[in-house]
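Q: Quick one: this structure, given as C-alpha cells, is what I'll be asking you about.
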Amino acid sequence: MNPPGVALVVVGLALIVYGFVRTRGPYARLRGLQAQDANVARYEAWRGGIRDDSKTGASVAMAILQRQVRVGAAIGLAGVAAIFVGLLLR
C-alpha cells in the first residue's frame, strides 16, 4: 500500500470513530424522547383524549436530535468512503 492509501485508511478510521462518538449521545436522548412520546400517546389513547398534533418542545428537540444523528452518520459514512478509496489506491 502506498502512503496516500494508508493515510486515507487512517483518516477514514478516525472519521468513523468521530462520527460514532458524535452520534451516540443524541441518539440515546432521541430514543428516550421517542419512548416518552409513545407513552404519552398510549396514555391519551387510553384516556380517550384527542392528541394535538401541534409543535411541542419535545417535537422540536426530536427534530434537532435527528439532524445531529444524521450529521454524525454522514461523518461515519464519509469515513467508510475514505477507507474504500484508500484500499483502492494500491
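Letters for chains follow the order of the C-alpha cells (A, B, ...), residue numbers begin at 1 for each chain, and ligand numbers begin at 1 in the order shown.
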Give me, as CSV, each residue of segment 24-44 of chain A that comes within 9 Å of segment 52-73 of chain A, together with its shortest interatomic pair and the distance in Å at one decimal, counting only C-alpha atoms, with rows ordered by chain and rising residue number.
A:
```
residue,atom,partner,partner_atom,distance
A:Arg24,CA,A:Val69,CA,7.9
A:Gly25,CA,A:Val69,CA,8.8
A:Pro26,CA,A:Leu65,CA,5.4
A:Tyr27,CA,A:Val69,CA,6.1
A:Arg29,CA,A:Leu65,CA,7.7
A:Leu30,CA,A:Met62,CA,5.9
A:Leu33,CA,A:Met62,CA,7.0
A:Gln34,CA,A:Met62,CA,7.7
A:Asp37,CA,A:Ala58,CA,8.2
```
Q: As a PyMOL selection string, which residues of segment 27-75 of chain A does DSSP assign to alpha helix (DSSP H)?
A: chain A and resi 27-47+57-75
Q: For the residues in that selection, give me C-alpha atoms as a PDB file, in the first residue's frame.
A:
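Output saved as out03.pdb:
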```pdb
ATOM      1  CA  TYR A  27     -29.234   9.029  19.537  1.00  0.00           C
ATOM      2  CA  ALA A  28     -29.672   7.903  23.144  1.00  0.00           C
ATOM      3  CA  ARG A  29     -31.545  11.103  24.020  1.00  0.00           C
ATOM      4  CA  LEU A  30     -33.686  10.784  20.882  1.00  0.00           C
ATOM      5  CA  ARG A  31     -34.667   7.218  21.813  1.00  0.00           C
ATOM      6  CA  GLY A  32     -35.640   8.441  25.293  1.00  0.00           C
ATOM      7  CA  LEU A  33     -37.800  11.236  23.903  1.00  0.00           C
ATOM      8  CA  GLN A  34     -39.442   8.864  21.430  1.00  0.00           C
ATOM      9  CA  ALA A  35     -40.241   6.440  24.268  1.00  0.00           C
ATOM     10  CA  GLN A  36     -41.769   9.255  26.312  1.00  0.00           C
ATOM     11  CA  ASP A  37     -43.768  10.426  23.300  1.00  0.00           C
ATOM     12  CA  ALA A  38     -45.086   6.911  22.707  1.00  0.00           C
ATOM     13  CA  ASN A  39     -46.014   6.634  26.384  1.00  0.00           C
ATOM     14  CA  VAL A  40     -47.956   9.910  26.236  1.00  0.00           C
ATOM     15  CA  ALA A  41     -49.722   8.751  23.066  1.00  0.00           C
ATOM     16  CA  ARG A  42     -50.730   5.455  24.738  1.00  0.00           C
ATOM     17  CA  TYR A  43     -51.980   7.291  27.810  1.00  0.00           C
ATOM     18  CA  GLU A  44     -54.040   9.758  25.780  1.00  0.00           C
ATOM     19  CA  ALA A  45     -55.489   6.942  23.677  1.00  0.00           C
ATOM     20  CA  TRP A  46     -56.423   5.073  26.862  1.00  0.00           C
ATOM     21  CA  ARG A  47     -57.906   8.215  28.382  1.00  0.00           C
ATOM     22  CA  GLY A  57     -40.784  21.491  22.792  1.00  0.00           C
ATOM     23  CA  ALA A  58     -40.203  17.754  22.661  1.00  0.00           C
ATOM     24  CA  SER A  59     -41.008  17.546  18.946  1.00  0.00           C
ATOM     25  CA  VAL A  60     -38.591  20.391  18.209  1.00  0.00           C
ATOM     26  CA  ALA A  61     -35.920  18.692  20.349  1.00  0.00           C
ATOM     27  CA  MET A  62     -36.504  15.405  18.492  1.00  0.00           C
ATOM     28  CA  ALA A  63     -36.065  17.179  15.146  1.00  0.00           C
ATOM     29  CA  ILE A  64     -32.797  18.739  16.322  1.00  0.00           C
ATOM     30  CA  LEU A  65     -31.537  15.410  17.676  1.00  0.00           C
ATOM     31  CA  GLN A  66     -32.480  13.635  14.436  1.00  0.00           C
ATOM     32  CA  ARG A  67     -30.438  16.187  12.497  1.00  0.00           C
ATOM     33  CA  GLN A  68     -27.460  15.669  14.819  1.00  0.00           C
ATOM     34  CA  VAL A  69     -27.716  11.903  14.382  1.00  0.00           C
ATOM     35  CA  ARG A  70     -27.846  12.276  10.592  1.00  0.00           C
ATOM     36  CA  VAL A  71     -24.767  14.524  10.611  1.00  0.00           C
ATOM     37  CA  GLY A  72     -22.852  12.025  12.749  1.00  0.00           C
ATOM     38  CA  ALA A  73     -23.908   9.162  10.487  1.00  0.00           C
ATOM     39  CA  ALA A  74     -22.814  11.136   7.424  1.00  0.00           C
ATOM     40  CA  ILE A  75     -19.399  11.687   9.004  1.00  0.00           C
TER      41      ILE A  75
END
```
Q: Mind checking which residues fall within 6 Å of segment 76-88 of chain A, counting only C-alpha atoms, ignoring those fewer than 4 positions away in the same chain, and posting them as an NGL selection string?
A: :A and (5 or 8-9 or 12 or 15-16 or 19)
Q: Can you work out the spacing between atom CA of Arg90 of chain A and atom CA of Ala14 of chain A in Å, to one decimal?
A: 20.4 Å
